[in-house]
Amino acid sequence: KYIAEHGGGRSLIALMNHNYLDIHREASRAISNLLTSFHHQAEIIQDGLPGLIHLALSPDPECQYNAALSFRKLSPNLDSHPGLINGGGLKSLFFLLKVKDIKVRRQAGTALRDLAANPEFKIVYSEQGGIDALVALASERELDL
């Protein structure tokens, strides 16, 4: 709560735009940790979604995992849905479903499941490929998914 009250989330959001991979990793890890608390979600939803959406497309497995985990933590919060669905989050989640790491894919699939449950965005979700992505995921032979 202290971090949220003093703008710590905004500082971490700014670090996601830094040029160095190590800083991206640490900022993405810190944000995914902060999102465990509902107090930080509003700030990340308001200012941090573009950075998370971009970070998800990173070739770095650690950044991918932290982005997928952040999306999974945000997806039950209906306030995040407009930004995720209309702001490029679905494309990032589709990308994460195709990476090699099973943990990343599991987090991304869970986020997609939660986004699919919102009736307000069901048409957009479907048009952007959400149903096809979930069907493909459900058809995987990997039992850990």
# chains A, B, ... in the order shown; residues from 1 in each chain; ligands from 1
$ closest_atom_pairs --of "range 56-97 of chain A" --to "range 106-116 of chain A" --cutoff "7 Å" --atoms "only C-alpha atoms" --output "Markdown table"
| residue | atom | partner | partner_atom | distance |
| --- | --- | --- | --- | --- |
| A:Ala68 | CA | A:Ala108 | CA | 5.2 |
| A:Leu69 | CA | A:Gln107 | CA | 5.6 |
| A:Phe71 | CA | A:Ala111 | CA | 5.9 |
| A:Arg72 | CA | A:Ala111 | CA | 4.4 |
| A:Ser75 | CA | A:Ala111 | CA | 5.3 |
| A:Pro76 | CA | A:Asp114 | CA | 6.0 |
| A:His81 | CA | A:Leu115 | CA | 6.6 |
| A:Leu93 | CA | A:Ala108 | CA | 5.5 |
| A:Leu96 | CA | A:Ala108 | CA | 6.2 |
| A:Leu97 | CA | A:Ala108 | CA | 6.1 |
$ residues_around --residues "Leu74 in chain A" --least-positions-apart "5" --cutoff "12 Å" --atoms "only C-alpha atoms" --output "number ranges by chain"
A: 31-46, 48-49, 52, 67-69, 79-84, 89, 107-108, 110-112, 114-115
$ atom_distance --atom1 "CA of His54 in chain A" --atom2 "CA of Ser139 in chain A"
27.4 Å
$ residues_around --residues "Val124 in chain A" --least-positions-apart "3" --cutoff "12 Å" --atoms "only C-alpha atoms" --output "count of residues only"
19
$ select_by_dssp --residues "chain A" --states "helix (DSSP H, G or I)" --output "number ranges by chain"
A: 2-5, 8-15, 21-34, 38-56, 61-74, 78-86, 89-97, 102-116, 119-127, 130-138
$ residues_around --residues "Phe95 in chain A" --least-positions-apart "3" --cutoff "8 Å" --atoms "only C-alpha atoms" --output "PyMOL selection string"
chain A and resi 56-57+91-92+98-99
